[in-house]
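Reproduced below: input-v5.cif, with mmCIF, C-alpha atoms and all ligand atoms.
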data_start
#
loop_
_atom_site.label_atom_id
_atom_site.label_comp_id
_atom_site.auth_asym_id
_atom_site.auth_seq_id
_atom_site.Cartn_x
_atom_site.Cartn_y
_atom_site.Cartn_z
CA MET A 1 177.43 257.61 110.63
CA LYS A 2 178.18 258.44 114.22
CA TRP A 3 175.44 259.34 116.58
CA ASP A 4 176.97 262.76 117.20
CA GLU A 5 177.00 263.57 113.52
CA VAL A 6 173.42 262.47 113.24
CA LYS A 7 172.50 264.68 116.20
CA GLU A 8 174.48 267.56 114.75
CA GLY A 9 172.81 267.08 111.38
CA LYS A 10 169.39 267.05 113.01
CA VAL A 11 170.26 270.15 114.93
CA ARG A 12 171.46 271.79 111.74
CA MET A 13 168.33 270.73 109.97
CA ASP A 14 166.23 272.04 112.85
CA SER A 15 167.94 275.37 112.80
CA GLN A 16 167.50 275.51 109.03
CA LYS A 17 163.82 274.74 109.47
CA LEU A 18 163.63 277.37 112.12
CA ARG A 19 165.26 279.93 109.89
CA LEU A 20 162.93 278.91 107.07
CA LYS A 21 159.97 279.19 109.42
CA ALA A 22 161.21 282.55 110.62
CA SER A 23 161.63 283.89 107.12
CA PHE A 24 158.20 282.49 106.22
CA LEU A 25 156.68 284.30 109.18
CA TYR A 26 158.61 287.40 108.20
CA LEU A 27 157.17 287.14 104.72
CA ILE A 28 153.66 286.84 106.11
CA PHE A 29 154.37 289.84 108.32
CA LEU A 30 155.55 291.84 105.33
CA VAL A 31 152.53 290.86 103.28
CA ALA A 32 150.29 291.83 106.18
CA VAL A 33 151.99 295.20 106.54
CA VAL A 34 151.71 295.94 102.85
CA GLU A 35 148.10 294.77 102.86
CA LEU A 36 147.23 296.89 105.88
CA ALA A 37 148.98 299.91 104.45
CA HIS A 38 147.03 299.36 101.26
CA ARG A 39 143.76 299.14 103.16
CA LYS A 40 144.70 302.21 105.12
CA LEU A 41 145.28 304.02 101.87
CA LEU A 42 141.92 302.88 100.57
CA LEU A 43 140.28 304.00 103.78
CA GLY A 44 142.14 307.27 103.44
CA ASN A 45 140.68 307.64 99.98
CA GLU A 46 137.22 307.19 101.38
CA THR A 47 137.67 309.89 103.98
CA VAL A 48 138.95 312.43 101.42
CA ARG A 49 136.17 311.24 99.15
CA ILE A 50 135.87 313.12 95.91
CA LYS A 51 132.43 314.54 95.12
CA LYS A 52 130.40 312.46 92.71
CA VAL A 53 129.33 314.52 89.73
CA PRO A 54 126.45 313.99 87.31
CA ASP A 55 126.87 314.01 83.54
CA LEU A 56 127.38 317.60 82.51
CA PRO A 57 126.36 319.84 80.88
CA LEU A 58 122.69 319.54 81.70
CA ARG A 59 120.88 318.77 78.50
CA PHE A 60 117.53 317.86 77.00
CA ARG A 61 116.85 314.16 76.47
CA SER A 62 116.71 312.59 73.03
CA ASP A 63 112.89 312.60 73.29
CA GLY A 64 113.07 316.42 73.39
CA THR A 65 112.15 316.91 77.05
CA PHE A 66 113.74 318.30 80.18
CA LYS A 67 111.77 317.75 83.37
CA ILE A 68 112.40 319.58 86.63
CA LEU A 69 111.07 318.67 90.07
CA GLN A 70 110.66 321.71 92.35
CA VAL A 71 110.82 320.91 96.06
CA ALA A 72 109.83 323.84 98.27
CA ASP A 73 110.21 324.03 102.04
CA MET A 74 111.28 320.56 103.14
CA HIS A 75 111.87 322.04 106.62
CA TYR A 76 113.98 319.04 107.60
CA GLY A 77 114.98 318.62 111.24
CA THR A 78 116.83 315.60 112.60
CA GLY A 79 114.87 312.72 111.05
CA THR A 80 112.92 310.19 113.09
CA ILE A 81 112.32 312.34 116.13
CA THR A 82 111.22 315.49 114.31
CA ARG A 83 107.44 315.48 114.46
CA CYS A 84 105.04 316.46 111.70
CA ARG A 85 102.95 319.59 111.90
CA ASP A 86 99.40 320.05 110.72
CA VAL A 87 98.50 316.42 110.02
CA PHE A 88 95.41 314.59 111.25
CA PRO A 89 95.73 313.68 114.96
CA SER A 90 95.46 310.00 114.00
CA HIS A 91 98.54 310.44 111.75
CA PHE A 92 100.61 312.44 114.20
CA HIS A 93 102.05 309.52 116.12
CA PHE A 94 103.59 307.85 113.06
CA CYS A 95 104.70 310.99 111.29
CA SER A 96 108.20 312.49 111.18
CA ASP A 97 110.81 313.89 108.79
CA LEU A 98 110.98 310.34 107.41
CA ASN A 99 107.63 311.04 105.74
CA THR A 100 109.30 313.93 103.91
CA THR A 101 112.09 311.55 102.83
CA ARG A 102 109.53 309.01 101.71
CA PHE A 103 107.61 311.59 99.67
CA LEU A 104 110.83 312.70 97.94
CA LYS A 105 111.75 309.12 97.04
CA ARG A 106 108.23 308.38 95.79
CA ILE A 107 107.95 311.43 93.61
CA ILE A 108 111.39 310.93 92.07
CA GLN A 109 110.39 307.39 91.20
CA ALA A 110 106.97 308.37 89.87
CA GLU A 111 107.95 311.40 87.78
CA ASN A 112 111.50 310.47 86.73
CA PRO A 113 112.63 314.09 86.60
CA HIS A 114 115.93 315.05 84.95
CA PHE A 115 116.81 317.65 87.55
CA ILE A 116 115.70 318.67 91.06
CA ALA A 117 115.47 322.30 92.23
CA PHE A 118 115.16 322.90 95.98
CA THR A 119 113.82 326.40 96.63
CA GLY A 120 114.88 326.97 100.24
CA ASP A 121 113.98 326.21 103.83
CA ASN A 122 115.50 322.87 102.96
CA ILE A 123 116.28 322.41 106.63
CA PHE A 124 114.55 323.96 109.61
CA GLY A 125 117.65 325.20 111.41
CA SER A 126 115.99 325.71 114.77
CA SER A 127 114.90 322.05 114.84
CA THR A 128 118.36 320.54 114.46
CA PRO A 129 121.57 320.76 116.53
CA ASP A 130 123.66 319.80 113.47
CA ALA A 131 123.01 321.59 110.19
CA ALA A 132 125.36 319.35 108.16
CA GLU A 133 123.69 316.16 109.34
CA SER A 134 120.27 317.61 108.57
CA LEU A 135 121.37 318.65 105.06
CA PHE A 136 122.68 315.15 104.32
CA LYS A 137 119.39 313.62 105.45
CA ALA A 138 117.24 316.18 103.63
CA PHE A 139 119.09 315.85 100.30
CA GLY A 140 119.71 312.11 100.78
CA PRO A 141 117.11 310.90 98.27
CA ALA A 142 118.37 313.43 95.69
CA MET A 143 121.93 312.14 96.08
CA GLU A 144 120.79 308.51 95.95
CA SER A 145 118.86 309.21 92.76
CA LYS A 146 122.13 310.33 91.10
CA LEU A 147 120.14 313.08 89.37
CA PRO A 148 121.74 316.51 89.10
CA TRP A 149 120.20 318.77 91.73
CA ALA A 150 120.54 322.37 92.86
CA ALA A 151 119.41 324.29 95.91
CA VAL A 152 119.02 327.83 97.16
CA LEU A 153 118.53 328.92 100.75
CA GLY A 154 115.37 330.09 102.48
CA ASN A 155 115.10 332.11 105.67
CA HIS A 156 115.33 329.13 108.06
CA ASP A 157 118.32 327.15 106.72
CA GLN A 158 120.92 329.15 108.69
CA GLU A 159 119.18 328.92 112.08
CA SER A 160 121.40 326.05 113.23
CA THR A 161 125.18 325.55 113.31
CA MET A 162 126.15 326.88 109.88
CA SER A 163 126.17 330.34 108.28
CA ARG A 164 124.60 330.90 104.86
CA GLU A 165 128.04 330.86 103.27
CA GLU A 166 128.93 327.59 104.99
CA LEU A 167 125.61 326.03 103.99
CA MET A 168 126.04 326.92 100.32
CA THR A 169 129.64 325.69 100.43
CA LEU A 170 128.60 322.31 101.80
CA ILE A 171 125.59 322.06 99.46
CA SER A 172 127.86 322.76 96.48
CA LEU A 173 130.16 319.90 97.56
CA MET A 174 127.48 317.26 98.03
CA ASP A 175 127.18 314.34 95.61
CA TYR A 176 125.49 315.16 92.29
CA SER A 177 124.87 318.74 93.41
CA VAL A 178 125.35 321.38 90.71
CA SER A 179 124.68 324.20 93.20
CA GLN A 180 127.21 327.01 93.40
CA ILE A 181 128.17 329.35 96.22
CA ASN A 182 128.06 332.24 93.78
CA PRO A 183 128.88 332.80 90.09
CA LEU A 184 132.42 332.19 88.93
CA ASN A 185 134.13 335.49 88.42
CA ASP A 186 134.74 336.20 84.75
CA ASP A 187 135.42 339.90 85.26
CA PRO A 188 139.12 340.39 86.16
CA THR A 189 138.45 343.79 87.76
CA SER A 190 136.01 342.58 90.41
CA PRO A 191 136.91 341.03 93.74
CA THR A 192 137.01 337.26 93.96
CA LYS A 193 137.47 334.45 96.49
CA GLY A 194 138.49 331.06 95.13
CA GLY A 195 137.37 332.19 91.65
CA VAL A 196 133.91 333.07 92.96
CA MET A 197 132.39 336.58 92.66
CA THR A 198 132.34 338.39 95.99
CA ASN A 199 130.74 341.67 94.94
CA ILE A 200 127.29 340.12 94.90
CA ASP A 201 124.92 339.96 97.88
CA GLY A 202 124.04 336.62 99.44
CA PHE A 203 125.12 333.03 98.81
CA GLY A 204 123.63 330.76 96.18
CA ASN A 205 123.36 333.06 93.14
CA TYR A 206 124.21 331.19 89.95
CA ASN A 207 122.84 330.08 86.60
CA LEU A 208 122.82 326.68 84.92
CA ARG A 209 122.65 326.23 81.18
CA VAL A 210 120.62 323.41 79.71
CA TYR A 211 121.89 322.32 76.28
CA GLY A 212 119.90 321.07 73.31
CA ALA A 213 119.12 317.41 72.63
CA PRO A 214 122.10 315.14 71.94
CA GLY A 215 123.02 314.97 68.27
CA SER A 216 120.67 317.85 67.41
CA MET A 217 121.66 321.09 65.73
CA LEU A 218 121.57 322.85 69.10
CA ALA A 219 123.46 320.14 70.97
CA ASN A 220 126.22 322.59 71.84
CA ASN A 221 123.97 325.57 72.60
CA THR A 222 122.12 326.72 75.68
CA VAL A 223 118.44 326.32 74.86
CA LEU A 224 117.14 326.84 78.41
CA ASN A 225 118.72 328.79 81.25
CA LEU A 226 118.05 328.35 84.96
CA PHE A 227 118.69 331.23 87.38
CA PHE A 228 119.10 330.60 91.10
CA LEU A 229 118.98 333.51 93.52
CA ASP A 230 119.44 334.12 97.22
CA SER A 231 116.39 336.07 98.44
CA GLY A 232 117.92 336.41 101.93
CA ASP A 233 116.42 335.71 105.32
CA ARG A 234 115.31 338.55 107.55
CA ALA A 235 116.42 342.15 107.69
CA LEU A 236 115.80 345.41 109.42
CA TYR A 237 114.61 348.07 107.01
CA GLN A 238 114.10 351.63 108.33
CA GLY A 239 113.71 350.19 111.82
CA ILE A 240 111.11 347.63 110.76
CA ARG A 241 111.72 343.88 110.78
CA THR A 242 110.98 342.40 107.39
CA TYR A 243 111.99 339.56 105.07
CA GLY A 244 115.05 339.63 102.87
CA TRP A 245 115.03 340.76 99.25
CA ILE A 246 117.08 340.43 96.08
CA LYS A 247 119.63 343.25 96.03
CA ASP A 248 120.93 345.56 93.27
CA SER A 249 124.16 343.59 92.96
CA GLN A 250 122.16 340.46 92.16
CA LEU A 251 119.96 342.29 89.64
CA HIS A 252 123.10 343.67 88.00
CA TRP A 253 124.48 340.15 87.63
CA LEU A 254 121.13 338.90 86.21
CA ARG A 255 121.13 341.58 83.55
CA ARG A 256 124.73 340.82 82.64
CA VAL A 257 124.11 337.08 82.19
CA SER A 258 120.98 337.80 80.17
CA GLN A 259 122.92 340.18 77.91
CA GLU A 260 125.56 337.55 77.32
CA PHE A 261 122.87 335.24 75.96
CA GLN A 262 121.82 337.97 73.55
CA GLY A 263 125.02 337.35 71.63
CA GLN A 264 124.71 333.58 71.58
CA LYS A 265 124.33 332.12 68.15
CA GLN A 266 121.29 329.90 68.26
CA GLU A 267 121.86 328.14 65.00
CA PRO A 268 125.51 327.72 64.13
CA LEU A 269 124.63 326.49 60.64
CA HIS A 270 122.73 329.66 59.79
CA PRO A 271 124.45 332.52 61.63
CA THR A 272 122.50 335.13 59.66
CA ASP A 273 119.15 333.60 60.57
CA ALA A 274 116.74 335.89 62.41
CA THR A 275 116.71 333.52 65.37
CA SER A 276 120.46 333.76 65.82
CA THR A 277 120.25 336.52 68.43
CA THR A 278 117.22 335.29 70.36
CA LYS A 279 117.93 334.61 74.02
CA PRO A 280 116.99 331.16 75.25
CA PRO A 281 114.04 331.20 77.68
CA SER A 282 114.99 331.31 81.36
CA LEU A 283 113.37 330.08 84.54
CA ALA A 284 114.21 331.55 87.96
CA PHE A 285 114.21 329.81 91.33
CA PHE A 286 114.32 331.49 94.74
CA HIS A 287 112.59 331.38 98.11
CA ILE A 288 110.81 334.59 99.12
CA PRO A 289 108.07 335.97 96.81
CA VAL A 290 108.55 339.40 95.25
CA PRO A 291 106.33 342.24 96.60
CA GLU A 292 104.01 342.16 93.56
CA VAL A 293 102.84 338.57 94.26
CA PRO A 294 100.06 339.73 96.67
CA GLN A 295 98.42 341.47 93.66
CA LEU A 296 97.63 338.01 92.29
CA PHE A 297 94.92 337.71 94.93
CA TYR A 298 92.77 339.81 92.61
CA LYS A 299 93.76 338.03 89.41
CA GLU A 300 93.04 334.74 87.75
CA ILE A 301 95.31 332.05 89.13
CA VAL A 302 95.77 328.28 88.79
CA GLY A 303 95.94 326.67 92.22
CA GLN A 304 95.15 328.01 95.66
CA PHE A 305 95.82 331.32 97.41
CA GLN A 306 95.24 330.42 101.07
CA GLU A 307 97.55 332.64 103.10
CA ALA A 308 98.95 336.16 103.09
CA VAL A 309 102.12 336.49 101.00
CA ALA A 310 105.04 336.95 103.41
CA CYS A 311 107.21 339.04 101.10
CA SER A 312 109.66 341.80 101.94
CA ARG A 313 108.55 345.40 102.47
CA VAL A 314 111.36 346.39 100.16
CA ASN A 315 110.69 346.42 96.43
CA SER A 316 114.09 346.30 94.78
CA GLY A 317 112.65 345.98 91.26
CA VAL A 318 113.02 342.26 90.63
CA LEU A 319 109.85 342.01 88.53
CA GLN A 320 110.84 345.11 86.55
CA THR A 321 114.28 343.63 85.93
CA PHE A 322 112.83 340.34 84.71
CA VAL A 323 110.45 342.22 82.40
CA SER A 324 113.27 344.29 80.92
CA MET A 325 115.52 341.24 80.49
CA GLY A 326 112.79 339.47 78.51
CA ASP A 327 114.13 335.94 78.86
CA VAL A 328 112.66 334.97 82.25
CA LYS A 329 109.34 333.27 81.47
CA ALA A 330 108.50 331.77 84.86
CA VAL A 331 109.63 332.11 88.47
CA PHE A 332 109.38 329.34 91.06
CA ILE A 333 109.15 330.30 94.72
CA GLY A 334 108.29 328.84 98.10
CA HIS A 335 108.05 330.31 101.62
CA ASP A 336 104.24 330.39 101.94
CA HIS A 337 103.50 326.68 102.34
CA THR A 338 99.75 326.73 101.79
CA ASN A 339 99.89 328.81 98.62
CA ASP A 340 100.46 326.61 95.58
CA PHE A 341 99.22 328.80 92.74
CA CYS A 342 100.66 330.13 89.51
CA GLY A 343 99.73 333.68 88.56
CA ASN A 344 100.90 336.00 85.81
CA LEU A 345 102.47 339.40 86.48
CA ASP A 346 103.41 341.52 83.44
CA GLY A 347 103.75 338.41 81.26
CA ILE A 348 105.86 336.44 83.74
CA TRP A 349 104.48 333.49 85.69
CA PHE A 350 105.09 333.28 89.42
CA CYS A 351 104.48 329.78 90.74
CA TYR A 352 104.59 328.50 94.28
CA GLY A 353 105.84 324.97 94.89
CA GLY A 354 103.40 324.37 97.75
CA GLY A 355 104.85 323.06 101.03
CA PHE A 356 106.70 319.76 100.66
CA GLY A 357 107.97 318.89 104.14
CA TYR A 358 106.00 317.49 107.05
CA HIS A 359 107.84 319.41 109.76
CA GLY A 360 106.95 322.74 108.13
CA TYR A 361 103.52 324.19 108.84
CA GLY A 362 100.77 323.16 106.45
CA LYS A 363 97.05 322.64 106.54
CA VAL A 364 95.37 319.58 108.01
CA GLY A 365 93.76 317.55 105.24
CA TRP A 366 95.56 319.48 102.49
CA PRO A 367 98.28 317.08 101.28
CA ARG A 368 101.95 318.11 101.08
CA ARG A 369 102.89 318.67 97.44
CA ALA A 370 105.55 319.30 94.82
CA ARG A 371 105.69 321.03 91.44
CA ILE A 372 106.88 319.58 88.15
CA ILE A 373 108.11 321.74 85.28
CA LEU A 374 108.40 320.22 81.83
CA ALA A 375 110.19 321.97 78.96
CA GLU A 376 109.67 320.52 75.49
CA LEU A 377 111.69 321.16 72.34
CA GLU A 378 110.38 322.04 68.95
CA LYS A 379 110.72 319.28 66.39
CA GLY A 380 112.58 320.59 63.37
CA GLN A 381 112.74 318.89 59.98
CA LYS A 382 115.88 316.93 60.81
CA SER A 383 116.41 317.31 64.54
CA TRP A 384 115.22 318.87 67.77
CA MET A 385 115.39 322.70 67.91
CA GLY A 386 114.95 325.19 70.78
CA VAL A 387 112.29 325.16 73.51
CA GLN A 388 108.75 325.19 72.18
CA ARG A 389 106.68 324.89 75.33
CA ILE A 390 106.98 324.98 79.11
CA MET A 391 104.34 323.20 81.16
CA THR A 392 103.77 322.70 84.88
CA TRP A 393 101.62 320.64 87.25
CA LYS A 394 101.68 319.47 90.84
CA ARG A 395 101.68 316.11 92.58
CA LEU A 396 100.10 315.53 95.97
CA ASP A 397 101.57 313.21 98.59
CA ASP A 398 98.49 311.03 98.67
CA GLU A 399 97.93 307.38 97.86
CA ASN A 400 98.11 307.95 94.07
CA LEU A 401 100.47 310.96 94.01
CA SER A 402 97.53 312.73 92.36
CA LYS A 403 98.41 315.05 89.49
CA ILE A 404 96.64 318.42 89.57
CA ASP A 405 96.54 321.88 87.97
CA GLU A 406 98.36 321.13 84.73
CA GLN A 407 98.89 324.27 82.66
CA ILE A 408 101.01 325.77 79.90
CA LEU A 409 103.35 328.53 81.12
CA TRP A 410 104.99 329.52 77.87
CA GLN A 411 105.05 328.72 74.17
CA SER A 412 107.62 329.90 71.66
CA ARG A 413 105.04 331.29 69.23
C1 LIG B 501 104.05 308.83 107.59
O1 LIG B 501 104.68 307.60 107.30
C2 LIG B 501 104.12 306.50 108.05
C3 LIG B 501 104.97 305.29 107.77
O2 LIG B 501 105.09 305.05 106.40
C4 LIG B 501 102.68 306.32 107.66
O3 LIG B 501 102.10 305.27 108.42
C5 LIG B 501 101.94 307.61 107.93
O4 LIG B 501 100.61 307.49 107.47
C6 LIG B 501 102.60 308.76 107.22
N1 LIG B 501 101.91 309.99 107.62
C7 LIG B 501 101.48 310.87 106.76
C8 LIG B 501 100.76 312.06 107.30
O5 LIG B 501 101.67 310.76 105.56
C1 LIG B 502 128.93 319.59 69.21
O1 LIG B 502 130.22 319.33 69.75
C2 LIG B 502 130.70 318.02 69.48
C3 LIG B 502 132.01 317.84 70.21
O2 LIG B 502 132.84 318.93 70.04
C4 LIG B 502 130.82 317.82 67.96
O3 LIG B 502 131.25 316.51 67.69
C5 LIG B 502 129.46 318.07 67.34
O4 LIG B 502 129.56 317.99 65.92
C6 LIG B 502 128.91 319.42 67.72
N1 LIG B 502 127.55 319.54 67.20
C7 LIG B 502 127.09 320.63 66.59
C8 LIG B 502 125.69 320.58 66.10
O5 LIG B 502 127.76 321.65 66.46
C1 LIG B 503 93.58 306.32 94.08
O1 LIG B 503 93.20 305.56 92.91
C2 LIG B 503 92.24 304.56 93.16
C3 LIG B 503 92.05 303.78 91.90
O2 LIG B 503 91.86 304.63 90.81
C4 LIG B 503 90.97 305.18 93.72
O3 LIG B 503 90.03 304.19 94.01
C5 LIG B 503 91.30 305.99 94.99
O4 LIG B 503 90.15 306.66 95.45
C6 LIG B 503 92.39 306.99 94.72
N1 LIG B 503 92.78 307.64 95.96
C7 LIG B 503 92.90 308.98 96.09
C8 LIG B 503 93.33 309.47 97.42
O5 LIG B 503 92.66 309.75 95.18
#

Do you think you could lay out the structure here as structure tokens?
Ligand SMILES: *[C@@H]1O[C@H](CO)[C@@H](O)[C@H](O)[C@H]1NC(C)=O
Ligand SMILES: *[C@@H]1O[C@H](CO)[C@@H](O)[C@H](O)[C@H]1NC(C)=O
Ligand SMILES: *[C@@H]1O[C@H](CO)[C@@H](O)[C@H](O)[C@H]1NC(C)=O
Amino acid sequence: MKWDEVKEGKVRMDSQKLRLKASFLYLIFLVAVVELAHRKLLLGNETVRIKKVPDLPLRFRSDGTFKILQVADMHYGTGTITRCRDVFPSHFHFCSDLNTTRFLKRIIQAENPHFIAFTGDNIFGSSTPDAAESLFKAFGPAMESKLPWAAVLGNHDQESTMSREELMTLISLMDYSVSQINPLNDDPTSPTKGGVMTNIDGFGNYNLRVYGAPGSMLANNTVLNLFFLDSGDRALYQGIRTYGWIKDSQLHWLRRVSQEFQGQKQEPLHPTDATSTTKPPSLAFFHIPVPEVPQLFYKEIVGQFQEAVACSRVNSGVLQTFVSMGDVKAVFIGHDHTNDFCGNLDGIWFCYGGGFGYHGYGKVGWPRRARIILAELEKGQKSWMGVQRIMTWKRLDDENLSKIDEQILWQSR
């Protein structure tokens, strides 16, 4: 072999190697591009994240219980830098919205509720420059718990960067939230926006059906109904500034839903049974007390009546409507943080949650608190039946999460 040929061969081999190297690099490049594009897509998926939803429908557990945690007036601000109100001076320095978060996590862990109902003033709008951020922090423990949860608005939620409509829209899109902006429109003649009723006042009017125990005779029936209502914020009425109230349009919707339950067959196996047209019991959740609640000052109550009821001057007939509907057994409200009592008006219980959040006003030495509502099913011969009893109690944010004021609100017979 001549030297030249050898050289040529080496050169050829080198160029082959080079080409091989080049194509290898090209391959790596391609793989990297595909990989990056893939990652980008994944990232993209995270940004257009789909809402996480709980198991639906809501239903009783196989032990025949459904337990609700009511959280009233969290009054969340920005988090760490939002100071506590009305705590002992020695506690003030180490107290912020994070104490509210801590209380929510503790009580979820201690009570293991099946559902959380937030009854307004969830955030304290005027204490946060970013309503969305505040909402995510306030409802954070609820979302982390993966429990279904629902909220209505108080009179302070909209005092930041979002309107009441925007707030309810965001709340309805948050993970595990079963809140709705308003009821879905099932009447083709009424106005609608994205399938949602628009001829109803406010934002955050809806009802949630709780089904019977799994595998029971009423597994596919509503055995408990939960109403959520927007009681408004503030309003001018005949030239006088007052709190909001539940309007005629909302009462009309309540009556309609209640009537629909009238037709529900309770026991599909015995459609002629006397119980087949009984409405399931309902509970209602909203923020501002109705104008009859001050009368409870003179009646027997369970819990404490420590401040004037800040209700509206307008009586739109909410109590009367509930009485005529017949299915609402108890109403859960907030707004007046240092009232935590249950009192009975015309056969219907009105119960305060008692202030939950540390940035809302309270009373020094009177622990922040939350209400628990427990519905229990009747045990039939073969399976669980409808609701037999509704109980309630409160838990204090003290060392032992002390349980107080347990009482029966309703029994089926
Ligand atoms: C708030 O939380 C801090 C930190 O856990 C605690 O030291 C403080 O006692 C709490 N304050 C109140 C009033 O609960
Ligand atoms: C409830 O619905 C499920 C699914 O459709 C069905 O398998 C079950 O038999 C129903 N239960 C009753 C009590 O009707
Ligand atoms: C909490 O429980 C313990 C043990 O039962 C008791 O000694 C303590 O006084 C309780 N604390 C409060 C605040 O009730």

Using all atoms listed in the file, I'd like a table of the residues in chain A that come within 9 Å of ligand LIG 503 (chain B); for each, show the closest atom pair and its distance in Å rounded to one decimal, ordered by chain and ascending number, as CSV.
residue,atom,partner,partner_atom,distance
A:Asp398,CA,B:LIG503,C8,5.5
A:Glu399,CA,B:LIG503,C8,5.1
A:Asn400,CA,B:LIG503,C1,4.8
A:Leu401,CA,B:LIG503,O5,8.0
A:Ser402,CA,B:LIG503,O5,6.4

(Q) For Phe139 of chain A, find every residue with an atom within 9 Å (counting only C-alpha atoms), except residues of its own chain fewer than 4 positions away, and show them as a list of chain:residue names. (A) A:Thr101, A:Asn122, A:Ser134, A:Leu135, A:Met143, A:Glu144, A:Met174

Q: Rank nothing, just name the residue among A:Pro294, A:Leu170, A:Met197, A:Gly357 nearest to Glu133 of chain A, using all atoms listed in the file.
A: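 Selected residue with least distance to Glu133 of chain A: A:Leu170.
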
Q) Quick one: of A:Phe341, A:Trp393, A:Tyr211, A:Trp245, who's nearest to ligand LIG 502 (chain B), counting only C-alpha atoms and all ligand atoms? A)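 Once distances to ligand LIG 502 (chain B) are computed over only C-alpha atoms and all ligand atoms, the minimum belongs to A:Tyr211.
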
Where does chain A meet ligand LIG 502 (chain B) within 6 Å, residue by residue, with the nearest atom pair and distance in Å to one decimal for each, counting all atoms listed in the file, listed by chain and rising number, as CSV?
residue,atom,partner,partner_atom,distance
A:Ser216,CA,B:LIG502,C8,5.9
A:Met217,CA,B:LIG502,C8,4.1
A:Leu218,CA,B:LIG502,C8,5.6
A:Ala219,CA,B:LIG502,C8,5.4
A:Asn220,CA,B:LIG502,C1,4.8

(Q) I'd like the neighbourhood of Phe227 of chain A as number ranges by chain, where a residue qualifies if any of its atoms comes within 7 Å (using only C-alpha atoms), though same-chain residues fewer than 5 positions away should be ignored. (A) A: 206-208, 283-285

Q: Tell me which of A:Gln250, A:Thr321, A:Thr80, A:Asn112 sits closest to Leu229 of chain A, counting all atoms listed in the file.
A: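 Of A:Gln250, A:Thr321, A:Thr80, A:Asn112, the one nearest Leu229 of chain A is A:Gln250, counting all atoms listed in the file.
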
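Pairwise distance (atom CA of Thr100 of chain A, atom CA of Gly354 of chain A) equals 13.5 Å.
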
Residues of chain A that have any atom at most 9 Å from an atom of ligand LIG 501 (chain B): could you tabulate them with the shortest-distance atom pair and the distance in Å to one decimal, using all atoms listed in the file, ordered by chain and increasing number, as a tab-separated table?
residue	atom	partner	partner_atom	distance
A:Cys84	CA	B:LIG501	C8	7.6
A:Asp86	CA	B:LIG501	C8	8.8
A:Val87	CA	B:LIG501	C8	5.6
A:Phe88	CA	B:LIG501	C8	7.1
A:Ser90	CA	B:LIG501	O4	8.7
A:His91	CA	B:LIG501	C8	5.2
A:Phe92	CA	B:LIG501	C8	6.9
A:His93	CA	B:LIG501	C5	8.4
A:Phe94	CA	B:LIG501	C2	5.2
A:Cys95	CA	B:LIG501	C1	4.3
A:Ser96	CA	B:LIG501	C1	6.6
A:Asp97	CA	B:LIG501	C1	8.5
A:Leu98	CA	B:LIG501	O1	6.9
A:Asn99	CA	B:LIG501	C1	4.6
A:Thr100	CA	B:LIG501	C1	8.2
A:Arg102	CA	B:LIG501	O1	7.5
A:Phe103	CA	B:LIG501	O5	8.4
A:Tyr358	CA	B:LIG501	C8	7.6
A:Pro367	CA	B:LIG501	C8	8.2
A:Arg368	CA	B:LIG501	O5	8.6
A:Asp397	CA	B:LIG501	O5	7.4
A:Asp398	CA	B:LIG501	O5	7.6

Q: Report the distance between atom CA of Arg389 of chain A and atom CA of Thr65 of chain A in Å, rounded to one decimal place.
A: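 Rounded to one decimal, the two atoms are 9.8 Å apart.
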
Q | Minimum-distance residue to Arg313 of chain A, chosen among A:Gln411, A:Gln259, A:Gln381, A:Gln238 (using all atoms listed in the file) | A | A:Gln238

**Q.** Sel. within 12 Å of pt (106.6, 329.0, 69.4), counting all atoms listed in the file, output as JSON, numbers by chain
**A.** {"A": [275, 281, 376, 377, 378, 379, 380, 385, 386, 387, 388, 389, 390, 410, 411, 412, 413]}

Q) Which neighbours of Phe261 of chain A fall inside 8 Å, counting only C-alpha atoms, when residues of the same chain fewer than 4 positions from it are skipped, and could you give them as number ranges by chain? A) A: 257, 278-280
